[in-house]
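Heads up, input_31.cif below (mmCIF, C-alpha atoms and all ligand atoms):
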data_final
loop_
_atom_site.label_atom_id
_atom_site.label_comp_id
_atom_site.auth_asym_id
_atom_site.auth_seq_id
_atom_site.Cartn_x
_atom_site.Cartn_y
_atom_site.Cartn_z
CA MET F 154 80.75 19.54 77.27
CA GLU F 155 82.33 20.84 80.37
CA HIS F 156 80.65 23.52 82.45
CA THR F 157 82.56 25.65 84.72
CA LYS F 158 80.89 25.67 88.07
CA PRO F 159 80.72 28.78 90.05
CA ILE F 160 82.95 28.60 93.04
CA ARG F 161 80.57 29.02 95.88
CA ASN F 162 82.83 28.94 98.84
CA ALA F 163 85.46 31.26 97.51
CA LYS F 164 86.24 33.91 100.13
CA PRO F 165 86.00 37.52 98.95
CA THR F 166 89.38 39.12 98.65
CA VAL F 167 89.89 41.92 101.12
CA SER F 168 92.39 44.58 100.12
CA VAL F 169 94.28 45.74 103.12
CA LYS F 170 95.38 49.33 102.87
CA PRO F 171 98.75 49.97 104.43
CA THR F 172 98.21 52.00 107.60
CA ILE F 173 100.72 54.64 108.61
CA LYS F 174 101.03 55.66 112.18
CA LEU F 175 100.88 59.39 112.85
CA SER F 176 104.19 59.20 114.62
CA GLU F 177 105.78 57.83 111.45
CA LEU F 178 104.63 60.78 109.31
CA ASN F 179 107.20 63.41 108.42
CA LEU F 180 105.39 66.61 109.38
CA THR F 181 108.35 68.93 108.94
CA PRO F 182 107.12 70.39 105.59
CA VAL F 183 103.71 71.13 107.18
CA TYR F 184 105.35 72.91 110.10
CA ILE F 185 107.52 74.91 107.70
CA ALA F 186 104.47 75.91 105.62
CA LEU F 187 102.57 76.96 108.75
CA PHE F 188 105.57 78.94 109.96
CA VAL F 189 105.89 80.76 106.61
CA VAL F 190 102.16 81.60 106.59
CA LEU F 191 102.37 82.90 110.17
CA ILE F 192 105.43 85.05 109.44
CA SER F 193 103.71 86.44 106.30
CA ILE F 194 100.63 87.39 108.33
CA VAL F 195 102.75 89.11 111.00
CA LEU F 196 104.79 90.98 108.35
CA PHE F 197 101.62 92.02 106.52
CA PHE F 198 100.14 93.51 109.70
CA LEU F 199 103.41 95.23 110.59
CA TRP F 200 103.60 96.72 107.08
CA LYS F 201 99.96 97.86 107.25
CA LYS F 202 100.52 99.45 110.64
CA LYS F 203 103.57 101.27 109.32
CA SER F 204 101.88 102.46 106.13
CA GLN F 205 98.84 103.64 108.08
CA LYS F 206 101.10 105.96 110.02
CA ARG F 207 101.82 107.99 106.87
CA THR F 208 99.62 110.99 107.56
CA ASP F 209 101.91 113.96 106.88
CA LEU F 210 102.24 116.40 104.04
CA LEU F 211 105.79 117.74 103.87
CA LEU F 212 106.46 121.18 102.40
CA THR F 213 110.07 121.39 101.35
CA GLY F 214 112.33 123.26 98.94
CA LEU F 215 115.05 125.91 99.00
CA CYS F 216 114.98 129.00 101.24
CA GLU F 217 112.52 131.71 100.19
CA SER F 218 110.54 129.41 97.88
CA GLY F 219 107.37 130.24 99.83
CA LYS F 220 106.79 127.22 102.09
CA THR F 221 105.77 129.13 105.21
CA LEU F 222 103.38 131.40 103.33
CA LEU F 223 101.78 128.37 101.69
CA PHE F 224 101.64 126.63 105.08
CA SER F 225 99.84 129.67 106.46
CA GLN F 226 97.31 129.55 103.59
CA LEU F 227 96.64 125.84 103.95
CA VAL F 228 96.45 125.71 107.74
CA HIS F 229 95.20 129.18 108.77
CA ASN F 230 93.64 130.45 105.52
CA THR F 231 95.65 133.67 105.70
CA ALA F 232 98.77 135.03 104.01
CA SER F 233 100.74 136.12 107.05
CA GLU F 234 104.12 137.82 106.92
CA THR F 235 106.93 135.29 107.05
CA PHE F 236 110.55 135.19 108.15
CA THR F 237 113.26 132.65 107.40
CA SER F 238 112.33 129.53 109.33
CA ILE F 239 114.77 127.96 111.74
CA ALA F 240 112.36 125.28 112.97
CA GLU F 241 109.49 123.35 111.43
CA ASN F 242 105.87 124.53 111.53
CA VAL F 243 103.28 121.87 112.20
CA GLY F 244 99.55 122.30 111.57
CA GLU F 245 96.46 120.59 110.23
CA TYR F 246 94.97 120.91 106.77
CA VAL F 247 91.33 119.92 106.52
CA ALA F 248 90.13 119.24 102.96
CA GLU F 249 86.99 121.12 101.95
CA GLY F 250 84.11 118.78 101.30
CA SER F 251 85.54 115.48 102.47
CA GLY F 252 86.65 116.83 105.87
CA LYS F 253 89.69 114.53 105.70
CA SER F 254 92.79 115.95 107.31
CA LEU F 255 96.53 115.87 106.87
CA ARG F 256 99.24 117.02 109.22
CA VAL F 257 101.27 119.66 107.38
CA ILE F 258 104.97 120.04 108.13
CA ASP F 259 106.75 123.16 106.85
CA ILE F 260 110.45 122.22 106.72
CA PRO F 261 113.00 125.07 106.95
CA GLY F 262 114.82 125.54 103.64
CA HIS F 263 118.23 126.44 105.03
CA GLU F 264 120.69 123.82 103.78
CA ARG F 265 122.11 123.21 107.24
CA LEU F 266 118.64 122.49 108.67
CA ARG F 267 116.52 120.91 105.96
CA GLY F 268 118.24 117.49 105.96
CA ARG F 269 117.70 116.98 109.69
CA PHE F 270 114.03 117.99 109.58
CA PHE F 271 113.40 115.99 106.41
CA ASP F 272 114.88 112.88 108.06
CA GLN F 273 112.69 113.46 111.10
CA TYR F 274 109.44 113.41 109.10
CA LYS F 275 110.17 111.34 105.98
CA ASN F 276 108.86 108.09 107.46
CA THR F 277 105.46 109.61 108.15
CA ALA F 278 105.21 111.42 104.82
CA LYS F 279 102.11 110.66 102.78
CA GLY F 280 102.90 113.30 100.19
CA ILE F 281 105.70 115.78 99.48
CA VAL F 282 105.20 119.27 98.06
CA PHE F 283 108.51 120.48 96.66
CA LEU F 284 108.30 124.25 96.25
CA VAL F 285 110.20 126.09 93.55
CA ASP F 286 110.53 129.87 93.32
CA SER F 287 109.48 130.32 89.68
CA VAL F 288 111.15 133.74 89.47
CA THR F 289 114.66 132.65 90.48
CA VAL F 290 114.52 129.02 89.31
CA GLN F 291 116.77 129.54 86.28
CA LYS F 292 119.46 131.25 88.35
CA ASP F 293 119.24 128.66 91.17
CA ILE F 294 118.62 125.60 89.01
CA ARG F 295 121.71 123.72 90.27
CA ASP F 296 120.76 124.08 93.93
CA VAL F 297 117.09 123.29 93.26
CA ALA F 298 117.92 120.16 91.26
CA ASP F 299 120.55 119.03 93.75
CA TYR F 300 118.13 119.15 96.67
CA LEU F 301 115.29 117.66 94.60
CA TYR F 302 117.57 114.74 93.65
CA THR F 303 118.35 114.13 97.32
CA VAL F 304 114.64 114.06 98.17
CA LEU F 305 113.66 111.80 95.25
CA ALA F 306 116.56 109.39 95.88
CA ASP F 307 115.71 108.84 99.54
CA PRO F 308 114.57 105.20 99.86
CA SER F 309 112.10 106.10 102.67
CA VAL F 310 110.00 108.08 100.23
CA ALA F 311 110.50 105.91 97.15
CA PHE F 312 106.72 105.44 96.78
CA VAL F 313 105.50 108.74 98.25
CA PRO F 314 103.89 111.03 95.62
CA VAL F 315 105.76 114.27 94.97
CA LEU F 316 104.22 117.52 93.74
CA ILE F 317 106.70 120.00 92.29
CA THR F 318 105.00 123.34 92.79
CA CYS F 319 106.12 126.29 90.68
CA ASN F 320 105.26 129.01 93.18
CA LYS F 321 104.98 132.82 92.90
CA GLN F 322 102.98 132.68 89.66
CA ASP F 323 101.61 136.15 90.53
CA GLU F 324 105.03 137.60 89.64
CA THR F 325 105.48 138.93 86.08
CA PHE F 326 108.73 137.05 85.43
CA ALA F 327 107.63 133.73 86.92
CA LYS F 328 108.40 130.72 84.72
CA GLY F 329 105.48 128.39 84.00
CA SER F 330 105.47 124.64 84.73
CA SER F 331 106.01 123.85 81.03
CA VAL F 332 109.37 125.65 81.27
CA VAL F 333 110.35 124.51 84.77
CA LYS F 334 109.71 120.79 84.20
CA PRO F 335 112.15 120.26 81.28
CA LEU F 336 114.63 122.59 82.97
CA LEU F 337 114.59 120.38 86.07
CA GLU F 338 114.77 117.13 84.11
CA LYS F 339 117.82 118.39 82.22
CA GLU F 340 119.56 119.53 85.41
CA LEU F 341 118.66 116.34 87.31
CA ASN F 342 120.37 114.44 84.51
CA LEU F 343 123.56 116.40 85.20
CA VAL F 344 123.23 115.94 88.98
CA ARG F 345 122.85 112.19 88.45
CA ASN F 346 126.02 112.05 86.30
CA THR F 347 128.00 114.13 88.80
CA ARG F 348 126.99 111.93 91.75
CA GLN F 349 127.79 108.74 89.85
CA ASN F 350 131.21 110.05 88.86
CA GLN F 351 131.98 111.30 92.37
CA LEU F 352 131.24 107.91 93.88
CA GLN F 353 133.15 106.05 91.22
CA SER F 354 136.20 108.18 91.84
CA VAL F 355 135.99 107.59 95.60
CA ASP F 356 135.92 103.79 95.85
CA ASN F 357 135.46 102.54 92.30
CA SER F 358 132.11 100.95 93.14
CA THR F 359 128.62 102.28 92.60
CA SER F 360 126.73 99.68 94.62
CA ASP F 361 125.42 102.15 97.20
CA VAL F 362 124.44 104.86 94.74
CA VAL F 363 120.74 105.36 94.22
CA PHE F 364 120.43 105.72 90.47
CA LEU F 365 117.30 107.68 89.66
CA GLY F 366 115.55 106.86 86.41
CA LYS F 367 116.50 104.42 83.66
CA GLN F 368 120.06 103.39 82.86
CA GLY F 369 121.18 104.61 79.45
CA LYS F 370 118.33 107.09 79.15
CA ASP F 371 118.10 110.80 79.89
CA PHE F 372 116.41 111.58 83.18
CA GLU F 373 112.62 111.87 83.07
CA PHE F 374 110.17 112.07 85.97
CA VAL F 375 108.02 109.30 84.45
CA HIS F 376 110.87 106.82 84.95
CA LEU F 377 110.72 107.15 88.76
CA SER F 378 109.09 104.77 91.23
CA GLN F 379 107.04 107.55 92.81
CA SER F 380 104.49 109.67 90.99
CA VAL F 381 105.81 113.16 90.24
CA GLU F 382 103.60 116.01 89.03
CA VAL F 383 104.55 119.59 88.22
CA ILE F 384 101.98 122.34 88.82
CA GLU F 385 101.78 126.12 89.24
CA CYS F 386 100.55 128.07 92.25
CA SER F 387 100.72 131.35 94.12
CA GLY F 388 100.80 131.19 97.87
CA ARG F 389 100.45 134.96 98.09
CA GLU F 390 97.28 135.11 95.97
CA ASN F 391 95.99 131.85 97.47
CA ASP F 392 95.83 130.44 93.95
CA VAL F 393 96.14 126.84 95.06
CA LYS F 394 93.43 125.01 93.09
CA SER F 395 95.77 122.48 91.45
CA LEU F 396 97.49 121.85 94.77
CA LYS F 397 94.17 121.16 96.52
CA ARG F 398 93.10 118.82 93.69
CA TRP F 399 96.32 116.87 94.19
CA LEU F 400 95.80 116.81 97.97
CA LYS F 401 92.34 115.33 97.39
CA SER F 402 93.91 112.49 95.39
CA LEU F 403 96.27 111.81 98.32
CA ASN F 404 93.46 111.21 100.83
N1 LIG H 501 105.11 137.16 94.96
C1 LIG H 501 105.06 136.13 95.78
N2 LIG H 501 105.84 136.10 96.86
C2 LIG H 501 105.75 135.04 97.67
C3 LIG H 501 104.89 133.95 97.41
N3 LIG H 501 105.06 133.03 98.38
C4 LIG H 501 105.98 133.54 99.22
N4 LIG H 501 106.39 134.74 98.81
C5 LIG H 501 107.38 135.62 99.47
O1 LIG H 501 108.63 134.98 99.43
C6 LIG H 501 109.35 135.23 100.64
C7 LIG H 501 109.71 133.92 101.30
O2 LIG H 501 108.53 133.26 101.69
P1 LIG H 501 108.55 132.15 102.85
O3 LIG H 501 107.20 131.53 102.87
O4 LIG H 501 109.03 132.72 104.11
O5 LIG H 501 109.66 131.16 102.27
P2 LIG H 501 110.19 129.82 102.90
O6 LIG H 501 110.23 128.84 101.79
O7 LIG H 501 109.39 129.44 104.09
O8 LIG H 501 111.67 130.20 103.32
P3 LIG H 501 112.57 129.51 104.47
O9 LIG H 501 111.79 129.51 105.73
O10 LIG H 501 113.77 130.39 104.53
O11 LIG H 501 112.91 128.14 104.00
C8 LIG H 501 108.43 136.12 101.49
O12 LIG H 501 108.79 137.45 101.30
C9 LIG H 501 107.06 135.82 100.93
O13 LIG H 501 106.16 136.91 101.11
C10 LIG H 501 104.07 134.01 96.24
O14 LIG H 501 103.28 133.13 95.92
N5 LIG H 501 104.21 135.13 95.46
MG MG H 502 109.82 129.24 106.09
#
Now, as a test, write the supplied structure out as structure tokens.
Ligand SMILES: Nc1nc2c(ncn2[C@@H]2O[C@H](COP(=O)(O)OP(=O)(O)OP(=O)(O)O)[C@@H](O)[C@H]2O)c(=O)[nH]1
Ligand SMILES: [Mg+2]
Amino acid sequence: MEHTKPIRNAKPTVSVKPTIKLSELNLTPVYIALFVVLISIVLFFLWKKKSQKRTDLLLTGLCESGKTLLFSQLVHNTASETFTSIAENVGEYVAEGSGKSLRVIDIPGHERLRGRFFDQYKNTAKGIVFLVDSVTVQKDIRDVADYLYTVLADPSVAFVPVLITCNKQDETFAKGSSVVKPLLEKELNLVRNTRQNQLQSVDNSTSDVVFLGKQGKDFEFVHLSQSVEVIECSGRENDVKSLKRWLKSLN
């Protein structure tokens, strides 16, 4: 019977791992990844810095809607006599309780002035109060909706909360928010159609048009990128509870 003898002198096999010199490595993907991470960090900090600068509350709307009187109530706690504004008013609103403050900008309502002042402050806007005269809103609905559309369609404020404030509720014939809201939505639908048609007839392309809401659906505030609320108030009577509640949610 044959026995297999153990091989005593057999040398252990050494596996030699292939070594790669550092200089032979292709590090380009690593450099690209590092570059992308670095750029993302820089962009993140730039974006944060920019968004932190949003400290203003803009009061806007048509002439005579009550912006300056409301400004006076928020900033000075008094209902002073007002005149048509030709320049902006700037003041500070300090929230009761929290002590947090907002810079308030009262933008003149005159149609030749409001665009310029709105452009000046839109990039620092943290919130927009769009005032509506609840007594004359039905008569002026086209002008109100036209300006509101311009504000809502501005890309600089696409994510800035908007509070539509049905002012002058102390007046007997003032329309409530439950009437004003559907009235505005209906009219904004018409404004949207008109603007689309105007642009189509000009150059046959609608690429630059900001389409507010959902394609194929009637205009509704809930379809917008920014939050839109509709409330009632009276600047004259300093009945601004809902407004102050909304301001608290901004801070
Ligand atoms: N009844 C009533 N009148 C108000 C109220 N708020 C403002 N008014 C009056 O409406 C008129 C216009 O008010 P303003 O505050 O000057 O209006 P505005 O929006 O600043 O107008 P512009 O500066 O022209 O854009 C004034 O006669 C105010 O007294 C309110 O809550 N109730
Ligand atoms: Mg004014």
Closest-contact table, chain F side, partner ligand LIG 501 (chain H), 7 Å, counting only C-alpha atoms and all ligand atoms, as CSV:
residue,atom,partner,partner_atom,distance
F:Gly214,CA,H:LIG501,O6,6.6
F:Leu215,CA,H:LIG501,O11,5.9
F:Cys216,CA,H:LIG501,O11,3.6
F:Glu217,CA,H:LIG501,O8,3.6
F:Ser218,CA,H:LIG501,O6,4.0
F:Gly219,CA,H:LIG501,O3,3.3
F:Lys220,CA,H:LIG501,O6,3.8
F:Thr221,CA,H:LIG501,O3,3.6
F:Leu222,CA,H:LIG501,O3,3.8
F:Leu223,CA,H:LIG501,O3,6.4
F:Glu234,CA,H:LIG501,O13,6.2
F:Thr235,CA,H:LIG501,O4,4.4
F:Phe236,CA,H:LIG501,O4,5.0
F:Thr237,CA,H:LIG501,O10,3.7
F:Ser238,CA,H:LIG501,O9,3.6
F:Ile239,CA,H:LIG501,O9,6.9
F:Ile260,CA,H:LIG501,O11,7.0
F:Pro261,CA,H:LIG501,O11,4.3
F:Gly262,CA,H:LIG501,O11,3.2
F:His263,CA,H:LIG501,O11,5.7
F:Asn320,CA,H:LIG501,O14,5.3
F:Lys321,CA,H:LIG501,O14,3.5
F:Gln322,CA,H:LIG501,O14,6.3
F:Asp323,CA,H:LIG501,N5,5.7
F:Glu324,CA,H:LIG501,N1,5.3
F:Cys386,CA,H:LIG501,O14,6.8
F:Ser387,CA,H:LIG501,O14,3.6
F:Gly388,CA,H:LIG501,O14,3.7
F:Arg389,CA,H:LIG501,O14,4.0
F:Glu390,CA,H:LIG501,O14,6.3
Restricting it to C-alpha atoms, dump the selection as a JSON list (two decimals), in the frame of the given file.
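Produced file out-v4.json, reproduced below:
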[["chain", "number", "residue", "atom", "x", "y", "z"],
["F", 214, "GLY", "CA", 112.33, 123.26, 98.94],
["F", 215, "LEU", "CA", 115.05, 125.91, 99.00],
["F", 216, "CYS", "CA", 114.98, 129.00, 101.24],
["F", 217, "GLU", "CA", 112.52, 131.71, 100.19],
["F", 218, "SER", "CA", 110.54, 129.41, 97.88],
["F", 219, "GLY", "CA", 107.37, 130.24, 99.83],
["F", 220, "LYS", "CA", 106.79, 127.22, 102.09],
["F", 221, "THR", "CA", 105.77, 129.13, 105.21],
["F", 222, "LEU", "CA", 103.38, 131.40, 103.33],
["F", 223, "LEU", "CA", 101.78, 128.37, 101.69],
["F", 234, "GLU", "CA", 104.12, 137.82, 106.92],
["F", 235, "THR", "CA", 106.93, 135.29, 107.05],
["F", 236, "PHE", "CA", 110.55, 135.19, 108.15],
["F", 237, "THR", "CA", 113.26, 132.65, 107.40],
["F", 238, "SER", "CA", 112.33, 129.53, 109.33],
["F", 239, "ILE", "CA", 114.77, 127.96, 111.74],
["F", 260, "ILE", "CA", 110.45, 122.22, 106.72],
["F", 261, "PRO", "CA", 113.00, 125.07, 106.95],
["F", 262, "GLY", "CA", 114.82, 125.54, 103.64],
["F", 263, "HIS", "CA", 118.23, 126.44, 105.03],
["F", 320, "ASN", "CA", 105.26, 129.01, 93.18],
["F", 321, "LYS", "CA", 104.98, 132.82, 92.90],
["F", 322, "GLN", "CA", 102.98, 132.68, 89.66],
["F", 323, "ASP", "CA", 101.61, 136.15, 90.53],
["F", 324, "GLU", "CA", 105.03, 137.60, 89.64],
["F", 386, "CYS", "CA", 100.55, 128.07, 92.25],
["F", 387, "SER", "CA", 100.72, 131.35, 94.12],
["F", 388, "GLY", "CA", 100.80, 131.19, 97.87],
["F", 389, "ARG", "CA", 100.45, 134.96, 98.09],
["F", 390, "GLU", "CA", 97.28, 135.11, 95.97]]
Notebook entry, point to check: Hey, what's within 6 Å of segment 374-383 of chain F if we count all atoms listed in the file and toss same-chain stuff fewer than 5 positions away? As a list in words, please?
Noted result: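 Selected residues are Ala311, Phe312, Val313, Pro314, Val315, Leu316, Ile317, Thr318 and Gly366 of chain F.
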Check: Which distance in Å separates atom CA of Tyr274 of chain F and atom CA of Arg348 of chain F, to one decimal?
Finding: 24.7 Å
Next item on the list: Tell me which protein, DNA and RNA residues are within 12 Å of His229 of chain F, counting all atoms listed in the file, leaving out same-chain ones fewer than 4 positions away, and put them as JSON, numbers by chain.
Entry: {"F": [221, 222, 223, 224, 225, 233, 242, 243, 244, 245, 246, 247, 257, 391]}
Item checked: Distance criterion (only C-alpha atoms and all ligand atoms): nearest to ligand MG 502 (chain H) out of F:Lys394, F:Arg267, F:Lys370, F:Lys279 ->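 Result for the nearest residue to ligand MG 502 (chain H): F:Arg267.
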Next item on the list: Name the closest residue to Phe271 of chain F among the candidates F:Trp399, F:Tyr184, F:Phe372, F:Phe283; distances are taken between atoms, counting only C-alpha atoms.
Entry: F:Phe283
Check: Which value, in Å to one decimal, gives the distance between atom CA of Ala327 of chain F and atom CA of Ser287 of chain F?
Finding: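 Rounded to one decimal, the two atoms are 4.8 Å apart.
Checking F:Ser331, F:Ser251, F:Gln353, F:Thr325 one by one against Leu400 of chain F, counting all atoms listed in the file, you find the shortest gap at F:Ser251.
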Next item on the list: Choose the residue, out of F:Thr289, F:Thr213, F:Ser193, F:Gln273, that has the smallest atom-to-atom separation from ligand MG 502 (chain H); count all atoms listed in the file.
Entry: F:Thr213
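A straight line drawn from atom CA of Lys275 of chain F to atom CA of Leu396 of chain F is 19.9 Å long.
The closest residue to ligand MG 502 (chain H), picked from F:Val183, F:Ala278, F:Leu284, F:Leu403 and counting only C-alpha atoms and all ligand atoms, is F:Leu284.
Among F:Val344, F:Glu241, F:Gln351, F:Lys367, the residue with the shortest atom-to-atom distance to ligand MG 502 (chain H), counting all atoms listed in the file, is F:Glu241.
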Item checked: Within-12 Å shell of (122.9, 116.3, 87.8) in input frame, only C-alpha atoms, as a count of residues only -> 30
